[in-house]
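Novice: Please find coords30.pdb (PDB, C-alpha atoms and all ligand atoms) on the next line:
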```
ATOM      1  CA  MET M   1     134.373 160.810 160.558
ATOM      2  CA  ILE M   2     131.704 158.549 161.979
ATOM      3  CA  ILE M   3     132.154 157.779 165.671
ATOM      4  CA  ILE M   4     129.831 155.061 166.869
ATOM      5  CA  ALA M   5     129.600 153.703 170.404
ATOM      6  CA  PRO M   6     127.409 151.176 172.171
ATOM      7  CA  THR M   7     126.373 152.391 175.614
ATOM      8  CA  ASN M   8     124.522 150.776 178.509
ATOM      9  CA  ASN M   9     125.665 151.117 182.091
ATOM     10  CA  LYS M  10     124.408 147.615 182.850
ATOM     11  CA  GLY M  11     127.071 144.972 182.326
ATOM     12  CA  GLY M  12     127.099 141.994 180.009
ATOM     13  CA  VAL M  13     124.437 143.235 177.587
ATOM     14  CA  GLY M  14     126.480 143.011 174.367
ATOM     15  CA  LYS M  15     128.324 146.329 174.064
ATOM     16  CA  THR M  16     131.571 144.596 173.208
ATOM     17  CA  LYS M  17     129.806 142.018 171.046
ATOM     18  CA  ILE M  18     128.210 144.638 168.808
ATOM     19  CA  SER M  19     131.466 146.635 168.737
ATOM     20  CA  ILE M  20     133.284 143.550 167.399
ATOM     21  CA  LEU M  21     130.593 142.690 164.855
ATOM     22  CA  LEU M  22     130.429 146.251 163.522
ATOM     23  CA  ALA M  23     134.199 146.663 163.292
ATOM     24  CA  GLU M  24     134.501 143.371 161.400
ATOM     25  CA  TYR M  25     131.503 143.963 159.176
ATOM     26  CA  ILE M  26     132.381 147.532 158.146
ATOM     27  CA  THR M  27     135.908 146.562 157.117
ATOM     28  CA  ARG M  28     135.046 143.264 155.508
ATOM     29  CA  TYR M  29     131.822 144.040 153.672
ATOM     30  CA  LEU M  30     131.934 147.808 153.199
ATOM     31  CA  ASN M  31     135.665 148.200 152.608
ATOM     32  CA  LYS M  32     136.006 151.127 154.947
ATOM     33  CA  LYS M  33     138.882 151.851 157.271
ATOM     34  CA  VAL M  34     137.949 151.343 160.891
ATOM     35  CA  LEU M  35     139.646 152.263 164.136
ATOM     36  CA  ALA M  36     138.450 150.158 167.062
ATOM     37  CA  ILE M  37     138.867 151.995 170.365
ATOM     38  CA  ASP M  38     138.615 150.322 173.733
ATOM     39  CA  PHE M  39     137.418 152.829 176.327
ATOM     40  CA  ASP M  40     136.579 150.152 178.881
ATOM     41  CA  PRO M  41     139.165 149.381 181.601
ATOM     42  CA  GLN M  42     138.106 145.703 181.341
ATOM     43  CA  CYS M  43     139.760 145.688 177.889
ATOM     44  CA  ASN M  44     137.510 142.990 176.389
ATOM     45  CA  PHE M  45     137.407 144.669 172.960
ATOM     46  CA  SER M  46     141.224 144.793 172.937
ATOM     47  CA  GLN M  47     141.460 141.154 173.963
ATOM     48  CA  ARG M  48     139.440 140.158 170.946
ATOM     49  CA  PHE M  49     142.155 141.445 168.607
ATOM     50  CA  LEU M  50     145.400 141.518 170.618
ATOM     51  CA  LYS M  51     147.174 139.278 173.084
ATOM     52  CA  MET M  52     146.794 141.665 176.008
ATOM     53  CA  GLU M  53     149.193 141.233 178.923
ATOM     54  CA  ILE M  54     148.819 141.368 182.681
ATOM     55  CA  ASP M  55     150.051 144.713 183.927
ATOM     56  CA  PRO M  56     152.784 144.123 186.544
ATOM     57  CA  ALA M  57     151.943 147.543 188.022
ATOM     58  CA  ALA M  58     148.298 146.521 188.502
ATOM     59  CA  PRO M  59     148.019 142.719 188.335
ATOM     60  CA  GLU M  60     144.233 142.724 188.161
ATOM     61  CA  GLY M  61     144.359 144.819 184.981
ATOM     62  CA  MET M  62     145.470 144.371 181.394
ATOM     63  CA  MET M  63     147.886 146.373 179.291
ATOM     64  CA  PRO M  64     148.634 146.228 175.563
ATOM     65  CA  PRO M  65     151.424 143.990 174.218
ATOM     66  CA  LEU M  66     154.545 145.447 172.604
ATOM     67  CA  HIS M  67     153.663 147.186 169.370
ATOM     68  CA  PRO M  68     154.831 145.355 166.218
ATOM     69  CA  ASP M  69     156.532 148.556 164.991
ATOM     70  CA  TYR M  70     158.525 148.998 168.174
ATOM     71  CA  ASP M  71     162.227 148.324 167.888
ATOM     72  CA  PRO M  72     164.049 148.453 171.227
ATOM     73  CA  ASP M  73     167.404 148.531 169.399
ATOM     74  CA  ASP M  74     166.497 151.607 167.379
ATOM     75  CA  PRO M  75     168.163 154.610 169.048
ATOM     76  CA  ASN M  76     165.443 156.889 167.614
ATOM     77  CA  ASP M  77     162.696 154.833 169.209
ATOM     78  CA  THR M  78     163.193 156.095 172.741
ATOM     79  CA  ASP M  79     160.113 158.282 173.147
ATOM     80  CA  TRP M  80     157.874 155.357 174.142
ATOM     81  CA  GLU M  81     158.265 151.984 175.770
ATOM     82  CA  GLY M  82     156.714 150.120 172.885
ATOM     83  CA  ARG M  83     153.184 149.933 174.248
ATOM     84  CA  SER M  84     150.413 152.275 173.274
ATOM     85  CA  SER M  85     146.802 152.600 174.348
ATOM     86  CA  ILE M  86     143.937 155.013 173.868
ATOM     87  CA  ALA M  87     144.677 156.204 177.423
ATOM     88  CA  GLY M  88     147.697 157.934 175.855
ATOM     89  CA  ILE M  89     145.387 160.854 174.986
ATOM     90  CA  PHE M  90     145.187 161.638 178.705
ATOM     91  CA  TYR M  91     148.916 161.440 179.279
ATOM     92  CA  TYR M  92     150.149 163.474 176.293
ATOM     93  CA  GLN M  93     151.768 160.327 174.932
ATOM     94  CA  GLY M  94     149.965 160.061 171.633
ATOM     95  CA  VAL M  95     148.340 156.860 170.394
ATOM     96  CA  VAL M  96     149.876 154.348 167.985
ATOM     97  CA  PRO M  97     147.083 152.036 166.818
ATOM     98  CA  TYR M  98     147.868 148.330 166.392
ATOM     99  CA  PRO M  99     147.100 146.453 163.197
ATOM    100  CA  THR M 100     144.742 143.475 163.530
ATOM    101  CA  TYR M 101     144.342 140.328 161.475
ATOM    102  CA  ILE M 102     141.839 142.274 159.362
ATOM    103  CA  GLU M 103     143.553 144.526 156.849
ATOM    104  CA  ASN M 104     141.509 147.702 157.262
ATOM    105  CA  LEU M 105     140.966 147.373 160.976
ATOM    106  CA  ASP M 106     143.305 148.896 163.558
ATOM    107  CA  ILE M 107     142.790 149.023 167.281
ATOM    108  CA  ALA M 108     143.702 151.574 169.918
ATOM    109  CA  PRO M 109     143.533 149.209 172.895
ATOM    110  CA  GLY M 110     142.645 149.956 176.477
ATOM    111  CA  HIS M 111     145.003 150.044 179.421
ATOM    112  CA  ALA M 112     143.211 149.138 182.641
ATOM    113  CA  GLU M 113     145.151 151.159 185.157
ATOM    114  CA  LYS M 114     145.448 154.284 183.027
ATOM    115  CA  LEU M 115     141.771 154.261 182.057
ATOM    116  CA  LEU M 116     140.664 153.631 185.642
ATOM    117  CA  ALA M 117     142.596 156.705 186.718
ATOM    118  CA  VAL M 118     140.441 158.749 184.333
ATOM    119  CA  GLU M 119     137.254 157.395 185.950
ATOM    120  CA  ALA M 120     138.303 159.325 189.060
ATOM    121  CA  VAL M 121     137.789 162.650 187.267
ATOM    122  CA  ARG M 122     135.095 164.801 188.884
ATOM    123  CA  LYS M 123     131.787 165.224 187.089
ATOM    124  CA  ASN M 124     132.313 168.919 186.370
ATOM    125  CA  GLU M 125     135.711 168.170 184.825
ATOM    126  CA  VAL M 126     134.569 165.548 182.302
ATOM    127  CA  LYS M 127     134.154 168.008 179.463
ATOM    128  CA  GLU M 128     137.590 169.502 179.935
ATOM    129  CA  LYS M 129     139.570 166.411 180.880
ATOM    130  CA  VAL M 130     137.904 163.591 178.954
ATOM    131  CA  TYR M 131     135.746 164.856 176.098
ATOM    132  CA  LYS M 132     138.237 167.476 174.903
ATOM    133  CA  GLN M 133     141.125 165.011 174.727
ATOM    134  CA  LEU M 134     139.007 162.563 172.773
ATOM    135  CA  ASP M 135     137.726 165.267 170.468
ATOM    136  CA  LEU M 136     141.269 166.478 169.773
ATOM    137  CA  PHE M 137     142.287 162.915 168.961
ATOM    138  CA  PHE M 138     139.417 162.471 166.481
ATOM    139  CA  LYS M 139     140.130 165.828 164.878
ATOM    140  CA  HIS M 140     143.813 165.094 164.424
ATOM    141  CA  PRO M 141     144.564 165.107 160.673
ATOM    142  CA  GLU M 142     146.377 161.761 160.855
ATOM    143  CA  VAL M 143     143.359 160.111 162.435
ATOM    144  CA  GLN M 144     140.961 161.843 160.046
ATOM    145  CA  ASN M 145     142.983 160.722 157.043
ATOM    146  CA  ALA M 146     143.548 157.163 158.181
ATOM    147  CA  TYR M 147     140.020 156.139 159.194
ATOM    148  CA  ASP M 148     136.427 156.430 157.993
ATOM    149  CA  VAL M 149     134.812 155.101 161.143
ATOM    150  CA  ALA M 150     135.722 154.748 164.808
ATOM    151  CA  VAL M 151     133.928 152.097 166.864
ATOM    152  CA  VAL M 152     134.336 152.937 170.540
ATOM    153  CA  ASP M 153     133.497 150.293 173.135
ATOM    154  CA  THR M 154     132.414 151.642 176.517
ATOM    155  CA  ALA M 155     132.421 150.395 180.110
ATOM    156  CA  PRO M 156     129.293 149.356 182.007
ATOM    157  CA  SER M 157     129.108 152.705 183.772
ATOM    158  CA  LYS M 158     127.823 156.236 183.418
ATOM    159  CA  GLY M 159     131.190 157.493 184.581
ATOM    160  CA  PRO M 160     133.516 160.045 182.990
ATOM    161  CA  LEU M 161     134.837 157.680 180.306
ATOM    162  CA  THR M 162     131.379 156.841 179.001
ATOM    163  CA  ILE M 163     130.102 160.407 179.259
ATOM    164  CA  GLY M 164     133.192 161.587 177.378
ATOM    165  CA  VAL M 165     132.487 159.105 174.583
ATOM    166  CA  ILE M 166     128.815 160.116 174.393
ATOM    167  CA  LYS M 167     129.904 163.737 173.993
ATOM    168  CA  ALA M 168     132.410 162.902 171.263
ATOM    169  CA  ALA M 169     130.282 160.369 169.349
ATOM    170  CA  THR M 170     128.197 160.933 166.239
ATOM    171  CA  HIS M 171     126.084 157.799 166.813
ATOM    172  CA  ILE M 172     125.192 155.580 169.759
ATOM    173  CA  ILE M 173     123.525 152.172 170.031
ATOM    174  CA  ILE M 174     121.904 150.856 173.188
ATOM    175  CA  PRO M 175     122.222 147.076 173.328
ATOM    176  CA  SER M 176     120.187 145.323 175.984
ATOM    177  CA  ILE M 177     119.043 141.979 177.223
ATOM    178  CA  MET M 178     115.262 141.834 177.502
ATOM    179  CA  GLU M 179     115.322 141.642 181.291
ATOM    180  CA  GLU M 180     114.371 144.052 184.050
ATOM    181  CA  GLN M 181     117.776 145.396 185.151
ATOM    182  CA  PRO M 182     119.305 145.928 181.713
ATOM    183  CA  ILE M 183     116.092 147.659 180.599
ATOM    184  CA  GLN M 184     116.549 150.109 183.467
ATOM    185  CA  GLY M 185     119.941 150.772 181.948
ATOM    186  CA  VAL M 186     118.210 151.489 178.638
ATOM    187  CA  TYR M 187     115.963 154.113 180.243
ATOM    188  CA  GLY M 188     118.990 155.729 181.864
ATOM    189  CA  MET M 189     120.868 155.817 178.564
ATOM    190  CA  LEU M 190     117.869 157.304 176.742
ATOM    191  CA  GLN M 191     117.837 160.074 179.327
ATOM    192  CA  LEU M 192     121.537 160.719 178.877
ATOM    193  CA  TRP M 193     121.091 160.775 175.106
ATOM    194  CA  MET M 194     118.284 163.328 175.358
ATOM    195  CA  GLN M 195     120.313 165.525 177.709
ATOM    196  CA  GLU M 196     123.306 165.396 175.406
ATOM    197  CA  SER M 197     121.145 166.031 172.327
ATOM    198  CA  HIS M 198     119.786 169.218 173.885
ATOM    199  CA  GLN M 199     123.312 170.514 174.381
ATOM    200  CA  ARG M 200     124.443 169.777 170.825
ATOM    201  CA  GLU M 201     124.520 172.253 167.977
ATOM    202  CA  LYS M 202     122.040 171.423 165.204
ATOM    203  CA  SER M 203     124.932 170.805 162.827
ATOM    204  CA  ASN M 204     126.455 168.207 165.146
ATOM    205  CA  PRO M 205     123.651 165.906 166.314
ATOM    206  CA  LEU M 206     124.078 162.746 168.347
ATOM    207  CA  LYS M 207     122.091 160.144 166.466
ATOM    208  CA  LEU M 208     120.567 157.266 168.423
ATOM    209  CA  MET M 209     120.701 154.232 166.129
ATOM    210  CA  GLY M 210     118.324 152.402 168.409
ATOM    211  CA  ILE M 211     117.941 149.800 171.110
ATOM    212  CA  LEU M 212     119.330 146.427 170.031
ATOM    213  CA  PRO M 213     117.687 143.436 171.716
ATOM    214  CA  ASN M 214     120.485 140.963 172.422
ATOM    215  CA  MET M 215     120.716 137.415 173.775
ATOM    216  CA  VAL M 216     117.040 136.968 173.030
ATOM    217  CA  ARG M 217     115.671 133.555 173.977
ATOM    218  CA  PRO M 218     112.284 132.031 173.167
ATOM    219  CA  ILE M 219     111.048 132.448 176.737
ATOM    220  CA  ASN M 220     108.041 134.356 178.023
ATOM    221  CA  LEU M 221     110.166 136.851 179.962
ATOM    222  CA  HIS M 222     112.028 138.051 176.864
ATOM    223  CA  ARG M 223     108.940 137.962 174.670
ATOM    224  CA  ASP M 224     106.871 139.922 177.197
ATOM    225  CA  ILE M 225     109.469 142.628 177.798
ATOM    226  CA  LEU M 226     110.104 143.103 174.078
ATOM    227  CA  TYR M 227     106.346 143.243 173.499
ATOM    228  CA  SER M 228     105.826 145.866 176.185
ATOM    229  CA  LEU M 229     108.708 147.986 174.851
ATOM    230  CA  LYS M 230     107.282 147.821 171.351
ATOM    231  CA  ASN M 231     103.945 148.959 172.719
ATOM    232  CA  ASN M 232     105.383 151.784 174.770
ATOM    233  CA  GLU M 233     104.738 155.009 172.886
ATOM    234  CA  GLY M 234     107.916 156.722 174.070
ATOM    235  CA  ILE M 235     110.187 153.752 173.369
ATOM    236  CA  SER M 236     108.820 151.772 170.428
ATOM    237  CA  ARG M 237     110.341 153.987 167.748
ATOM    238  CA  TYR M 238     113.813 153.308 169.133
ATOM    239  CA  ILE M 239     113.612 149.497 169.090
ATOM    240  CA  MET M 240     115.608 148.112 166.172
ATOM    241  CA  PRO M 241     113.739 145.806 163.803
ATOM    242  CA  VAL M 242     116.645 143.347 164.075
ATOM    243  CA  GLN M 243     118.031 141.404 167.046
ATOM    244  CA  LEU M 244     120.609 138.877 168.146
ATOM    245  CA  SER M 245     119.474 135.633 169.725
ATOM    246  CA  GLN M 246     121.342 133.907 172.505
ATOM    247  CA  ARG M 247     123.687 131.590 170.614
ATOM    248  CA  ALA M 248     126.791 129.850 171.913
ATOM    249  CA  ILE M 249     128.756 130.684 168.762
ATOM    250  CA  PHE M 250     128.480 134.428 169.501
ATOM    251  CA  ALA M 251     130.348 133.864 172.768
ATOM    252  CA  GLU M 252     132.773 131.323 171.326
ATOM    253  CA  VAL M 253     134.205 133.644 168.672
ATOM    254  CA  ASP M 254     135.020 136.382 171.198
ATOM    255  CA  SER M 255     138.554 135.264 172.071
ATOM    256  CA  GLU M 256     141.734 136.290 170.299
ATOM    257  CA  ASP M 257     142.498 132.717 169.138
ATOM    258  CA  ALA M 258     138.941 131.640 168.280
ATOM    259  CA  ILE M 259     138.270 129.295 165.374
ATOM    260  CA  PRO M 260     136.440 130.374 163.317
ATOM    261  CA  ARG M 261     137.738 133.855 164.037
ATOM    262  CA  THR M 262     134.396 135.459 163.412
ATOM    263  CA  VAL M 263     130.792 134.470 162.674
ATOM    264  CA  PHE M 264     131.349 136.029 159.251
ATOM    265  CA  ASP M 265     133.634 133.072 158.398
ATOM    266  CA  LEU M 266     130.730 130.649 158.853
ATOM    267  CA  PRO M 267     128.766 129.382 155.843
ATOM    268  CA  ASP M 268     125.987 131.641 154.576
ATOM    269  CA  THR M 269     123.440 129.082 155.730
ATOM    270  CA  ASN M 270     124.468 129.536 159.368
ATOM    271  CA  VAL M 271     121.710 131.289 161.328
ATOM    272  CA  ALA M 272     124.105 133.145 163.634
ATOM    273  CA  LYS M 273     125.890 134.617 160.618
ATOM    274  CA  GLN M 274     122.560 135.556 159.042
ATOM    275  CA  GLU M 275     121.491 137.336 162.234
ATOM    276  CA  ALA M 276     124.791 139.179 162.568
ATOM    277  CA  LEU M 277     124.627 140.235 158.932
ATOM    278  CA  ALA M 278     121.054 141.496 159.309
ATOM    279  CA  VAL M 279     121.970 143.538 162.403
ATOM    280  CA  CYS M 280     125.090 145.036 160.815
ATOM    281  CA  GLU M 281     123.339 145.744 157.510
ATOM    282  CA  TYR M 282     120.551 147.547 159.315
ATOM    283  CA  ILE M 283     122.894 149.653 161.438
ATOM    284  CA  THR M 284     125.339 150.531 158.667
ATOM    285  CA  LYS M 285     122.599 151.471 156.204
ATOM    286  CA  GLU M 286     121.409 154.059 158.699
ATOM    287  CA  LEU M 287     124.979 155.034 159.512
ATOM    288  CA  PHE M 288     126.109 155.777 155.989
ATOM    289  CA  ASN M 289     122.805 157.197 154.794
ATOM    290  CA  ASP M 290     123.037 160.139 157.114
ATOM    291  CA  ALA M 291     126.811 160.437 157.073
TER     292      ALA M 291
HETATM  293  N1  LIG J 301     123.853 137.078 171.371
HETATM  294  C1  LIG J 301     124.696 136.437 172.199
HETATM  295  N2  LIG J 301     124.638 135.101 172.376
HETATM  296  C2  LIG J 301     125.487 134.477 173.211
HETATM  297  N3  LIG J 301     126.444 135.071 173.902
HETATM  298  C3  LIG J 301     126.577 136.409 173.766
HETATM  299  C4  LIG J 301     125.725 137.163 172.905
HETATM  300  N4  LIG J 301     126.075 138.469 172.984
HETATM  301  C5  LIG J 301     127.112 138.519 173.837
HETATM  302  N5  LIG J 301     127.416 137.286 174.309
HETATM  303  C6  LIG J 301     128.437 136.932 175.307
HETATM  304  O1  LIG J 301     127.984 137.418 176.560
HETATM  305  C7  LIG J 301     129.037 138.006 177.295
HETATM  306  C8  LIG J 301     128.728 139.493 177.525
HETATM  307  O2  LIG J 301     128.689 140.174 176.263
HETATM  308  P1  LIG J 301     129.536 141.482 176.036
HETATM  309  O3  LIG J 301     130.902 141.276 176.587
HETATM  310  O4  LIG J 301     129.413 141.880 174.640
HETATM  311  O5  LIG J 301     128.714 142.467 176.980
HETATM  312  P2  LIG J 301     129.162 143.918 177.478
HETATM  313  O6  LIG J 301     127.927 144.746 177.548
HETATM  314  O7  LIG J 301     130.266 144.416 176.660
HETATM  315  O8  LIG J 301     129.692 143.581 178.938
HETATM  316  P3  LIG J 301     130.464 144.608 179.913
HETATM  317  O9  LIG J 301     129.411 145.530 180.408
HETATM  318  O10 LIG J 301     131.044 143.757 180.993
HETATM  319  O11 LIG J 301     131.497 145.299 179.086
HETATM  320  C9  LIG J 301     130.312 137.777 176.464
HETATM  321  O12 LIG J 301     130.913 136.610 176.929
HETATM  322  C10 LIG J 301     129.777 137.578 175.045
HETATM  323  O13 LIG J 301     130.628 136.724 174.298
HETATM  324 MG    MG J 302     132.154 145.033 177.206
END
```
Now that the file is in, can you turn its structure into structure tokens?
Specialist:
Amino acid sequence: MIIIAPTNNKGGVGKTKISILLAEYITRYLNKKVLAIDFDPQCNFSQRFLKMEIDPAAPEGMMPPLHPDYDPDDPNDTDWEGRSSIAGIFYYQGVVPYPTYIENLDIAPGHAEKLLAVEAVRKNEVKEKVYKQLDLFFKHPEVQNAYDVAVVDTAPSKGPLTIGVIKAATHIIIPSIMEEQPIQGVYGMLQLWMQESHQREKSNPLKLMGILPNMVRPINLHRDILYSLKNNEGISRYIMPVQLSQRAIFAEVDSEDAIPRTVFDLPDTNVAKQEALAVCEYITKELFNDA
């Protein structure tokens, strides 16, 4: 099973955006079965596909809606309260993915409060308490049989949740805005990737798909930073040959009730769609070539 995750501890760089595009593209154009997983307590990835609800236990956080398969009148359906999230792996509750409006795409949503509790895990416990639970979930025969690819969105942090995902993933992408602070995040992520790579068995590598320049604008700042990265011997080989420009439509389609629902519904002549297609084609070619 391919497990791909965007990672950058700087916020607002496009981790969720590329998660959404990949999940939609892989199901729609490559006919594969995808499980979207939201490992970010902010739950933005979940909100794209589900009507998330405010958690009465933690009003600043979101929780998943009632699952469509839940029947409160069914006497056999008493082992859960009808809501399921990926955080269930930490609470021995199991995970019941939700269907989305796309046929081959399910989502295991986030749950703010339950995921935040996991962020409190100590550094030396991450392997045991986070990675192992995630790894068990991915190795579960039901998950293996149901999905070809998992796309795991991560939080803007280098905390236990993100480290756990990096340890469990087969592939990572580092999206970044071409500005000073996010680029520092890129360097930090490259370091983490190298550390993790050293610890991996040869048969189980963590492949870095590359650094994806996002929200690129035709301004000197973005041009200059991209130019210097491309001319940096240690970095240039990781810069993807594709990018996403800053375009309002990319932000507009990110809500659950957006019209159109996705840039892929736009006409083929639309430049945003063309860019998204080029990015997803590039990433998935690499993804399935070495799978
Ligand atoms: N290429 C783009 N053009 C315009 N808007 C974009 C683009 N990429 C992302 N956005 C918008 O910018 C905001 C931040 O993007 P996104 O949520 O994907 O970043 P993130 O890295 O997941 O953020 P966080 O670290 O908070 O999880 C969102 O509102 C998104 O819709
Ligand atoms: Mg996000």
Novice: Could you check the closest approach to M:Pro160 for each of M:Ser236, M:Thr7, M:Asn124, M:Ser255 and tell me which residue wins, using all atoms listed in the file?
Specialist: M:Asn124
Novice: Tell me which of M:Pro141, M:Gly164, M:Pro175, M:Pro59 sits closest to ligand LIG 301 (chain J), counting all atoms listed in the file.
Specialist: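 Closest candidate: M:Pro175.
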Novice: So that I can check the surroundings of M:Met1, please list as a PyMOL selection string every protein, DNA and RNA residue that reaches within 7 Å of it, counting all atoms listed in the file and ignoring chain neighbours fewer than 5 positions away.
Specialist: chain M and resi 144+148-149
Novice: Leaving out M:Glu286 and any residue of its chain fewer than 3 positions from it, which residues lie within 12 Å of it when counting only C-alpha atoms, given as a PyMOL selection string?
Specialist: chain M and resi 2+4+171-173+207-210+240+279-283+289-291
Novice: Kindly indicate which residue among M:Lys129, M:Lys123, M:Phe49, M:Ser85 lies nearest to M:Leu105, using only C-alpha atoms for the distances.
Specialist: M:Phe49
Novice: So what does the PyMOL selection byres (((not hetatm)) within 10 of (chain J and resi 301)) actually pick up in this one, as a PDB file with C-alpha atoms, in the coordinates of the input?
Specialist:
```pdb
ATOM      1  CA  PRO M   6     127.409 151.176 172.171  1.00  0.00           C
ATOM      2  CA  THR M   7     126.373 152.391 175.614  1.00  0.00           C
ATOM      3  CA  ASN M   8     124.522 150.776 178.509  1.00  0.00           C
ATOM      4  CA  ASN M   9     125.665 151.117 182.091  1.00  0.00           C
ATOM      5  CA  LYS M  10     124.408 147.615 182.850  1.00  0.00           C
ATOM      6  CA  GLY M  11     127.071 144.972 182.326  1.00  0.00           C
ATOM      7  CA  GLY M  12     127.099 141.994 180.009  1.00  0.00           C
ATOM      8  CA  VAL M  13     124.437 143.235 177.587  1.00  0.00           C
ATOM      9  CA  GLY M  14     126.480 143.011 174.367  1.00  0.00           C
ATOM     10  CA  LYS M  15     128.324 146.329 174.064  1.00  0.00           C
ATOM     11  CA  THR M  16     131.571 144.596 173.208  1.00  0.00           C
ATOM     12  CA  LYS M  17     129.806 142.018 171.046  1.00  0.00           C
ATOM     13  CA  ILE M  18     128.210 144.638 168.808  1.00  0.00           C
ATOM     14  CA  SER M  19     131.466 146.635 168.737  1.00  0.00           C
ATOM     15  CA  ILE M  20     133.284 143.550 167.399  1.00  0.00           C
ATOM     16  CA  LEU M  21     130.593 142.690 164.855  1.00  0.00           C
ATOM     17  CA  PHE M  39     137.418 152.829 176.327  1.00  0.00           C
ATOM     18  CA  ASP M  40     136.579 150.152 178.881  1.00  0.00           C
ATOM     19  CA  PRO M  41     139.165 149.381 181.601  1.00  0.00           C
ATOM     20  CA  GLN M  42     138.106 145.703 181.341  1.00  0.00           C
ATOM     21  CA  CYS M  43     139.760 145.688 177.889  1.00  0.00           C
ATOM     22  CA  ASN M  44     137.510 142.990 176.389  1.00  0.00           C
ATOM     23  CA  PHE M  45     137.407 144.669 172.960  1.00  0.00           C
ATOM     24  CA  ASP M 153     133.497 150.293 173.135  1.00  0.00           C
ATOM     25  CA  THR M 154     132.414 151.642 176.517  1.00  0.00           C
ATOM     26  CA  ALA M 155     132.421 150.395 180.110  1.00  0.00           C
ATOM     27  CA  PRO M 156     129.293 149.356 182.007  1.00  0.00           C
ATOM     28  CA  SER M 157     129.108 152.705 183.772  1.00  0.00           C
ATOM     29  CA  ILE M 174     121.904 150.856 173.188  1.00  0.00           C
ATOM     30  CA  PRO M 175     122.222 147.076 173.328  1.00  0.00           C
ATOM     31  CA  SER M 176     120.187 145.323 175.984  1.00  0.00           C
ATOM     32  CA  ILE M 177     119.043 141.979 177.223  1.00  0.00           C
ATOM     33  CA  PRO M 182     119.305 145.928 181.713  1.00  0.00           C
ATOM     34  CA  PRO M 213     117.687 143.436 171.716  1.00  0.00           C
ATOM     35  CA  ASN M 214     120.485 140.963 172.422  1.00  0.00           C
ATOM     36  CA  MET M 215     120.716 137.415 173.775  1.00  0.00           C
ATOM     37  CA  VAL M 216     117.040 136.968 173.030  1.00  0.00           C
ATOM     38  CA  ARG M 217     115.671 133.555 173.977  1.00  0.00           C
ATOM     39  CA  GLN M 243     118.031 141.404 167.046  1.00  0.00           C
ATOM     40  CA  LEU M 244     120.609 138.877 168.146  1.00  0.00           C
ATOM     41  CA  SER M 245     119.474 135.633 169.725  1.00  0.00           C
ATOM     42  CA  GLN M 246     121.342 133.907 172.505  1.00  0.00           C
ATOM     43  CA  ARG M 247     123.687 131.590 170.614  1.00  0.00           C
ATOM     44  CA  ALA M 248     126.791 129.850 171.913  1.00  0.00           C
ATOM     45  CA  ILE M 249     128.756 130.684 168.762  1.00  0.00           C
ATOM     46  CA  PHE M 250     128.480 134.428 169.501  1.00  0.00           C
ATOM     47  CA  ALA M 251     130.348 133.864 172.768  1.00  0.00           C
ATOM     48  CA  GLU M 252     132.773 131.323 171.326  1.00  0.00           C
ATOM     49  CA  VAL M 253     134.205 133.644 168.672  1.00  0.00           C
ATOM     50  CA  ASP M 254     135.020 136.382 171.198  1.00  0.00           C
ATOM     51  CA  SER M 255     138.554 135.264 172.071  1.00  0.00           C
ATOM     52  CA  ALA M 272     124.105 133.145 163.634  1.00  0.00           C
ATOM     53  CA  GLU M 275     121.491 137.336 162.234  1.00  0.00           C
ATOM     54  CA  ALA M 276     124.791 139.179 162.568  1.00  0.00           C
TER      55      ALA M 276
END
```
Novice: My list of candidates is M:Thr162, M:Thr100, M:Gln191, M:Asn31. Which is closest to ligand MG 302 (chain J) when distances are computed with only C-alpha atoms and all ligand atoms?
Specialist: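 Ranked by minimum distance to ligand MG 302 (chain J), first place goes to M:Thr162.
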Novice: Tell me which protein, DNA and RNA residues are within 7 Å of M:Asp106, counting only C-alpha atoms, leaving out same-chain ones fewer than 3 positions away, and put them as a PyMOL selection string.
Specialist: chain M and resi 34-36+97-100
Novice: Mind giving me the straight-line distance from atom CA of M:Gln199 to atom CA of M:Asp38 in Å, one decimal?
Specialist: 25.3 Å
Novice: For the file shown, what are the residues hit by the PyMOL selection byres (((chain M and resi 127) around 12) and not hetatm), laid out as a list of chain:residue names?
Specialist: M:Val121, M:Arg122, M:Lys123, M:Asn124, M:Glu125, M:Val126, M:Glu128, M:Lys129, M:Val130, M:Tyr131, M:Lys132, M:Gln133, M:Leu134, M:Asp135, M:Pro160, M:Leu161, M:Thr162, M:Ile163, M:Gly164, M:Val165, M:Ile166, M:Lys167, M:Ala168, M:Glu196
Novice: Using all atoms listed in the file, can you tell me which of M:Met178, M:Ala258, M:Ile225, M:Val152 comes closest to ligand MG 302 (chain J)?
Specialist: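 Using all atoms listed in the file, ligand MG 302 (chain J) sits closest to M:Val152.
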Novice: As a compact mmCIF listing (two decimals) with C-alpha atoms, keeping the file's coordinate frame, please: the residues near stretch 73-83 of chain M (cut-off 8 Å, only C-alpha atoms, same-chain neighbours under 6 positions excluded).
Specialist:
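part-v3.txt was written with the following content:
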```txt
# COMPACT_ATOMS: atom_id res chain seq x y z
CA PRO M 64 148.63 146.23 175.56
CA PRO M 65 151.42 143.99 174.22
CA LEU M 66 154.54 145.45 172.60
CA HIS M 67 153.66 147.19 169.37
CA GLN M 93 151.77 160.33 174.93
```
Novice: Separation of atom CA of M:Ala120 and atom CA of M:Phe90, in Å?
Specialist: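 Separation of atom CA of M:Ala120 and atom CA of M:Phe90: 12.6 Å.
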Novice: Between atom CA of M:Asp224 and atom CA of M:Gly185, what is the spacing in Å?
Specialist: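 One can read the atom CA of M:Gly185 to atom CA of M:Asp224 distance as 17.6 Å.
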Novice: For ligand MG 302 (chain J), which of M:Ala5, M:Ile89, M:Leu229, M:Leu116 is the closest residue, counting all atoms listed in the file?
Specialist: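 Counting all atoms listed in the file, the residue closest to ligand MG 302 (chain J) is M:Ala5.
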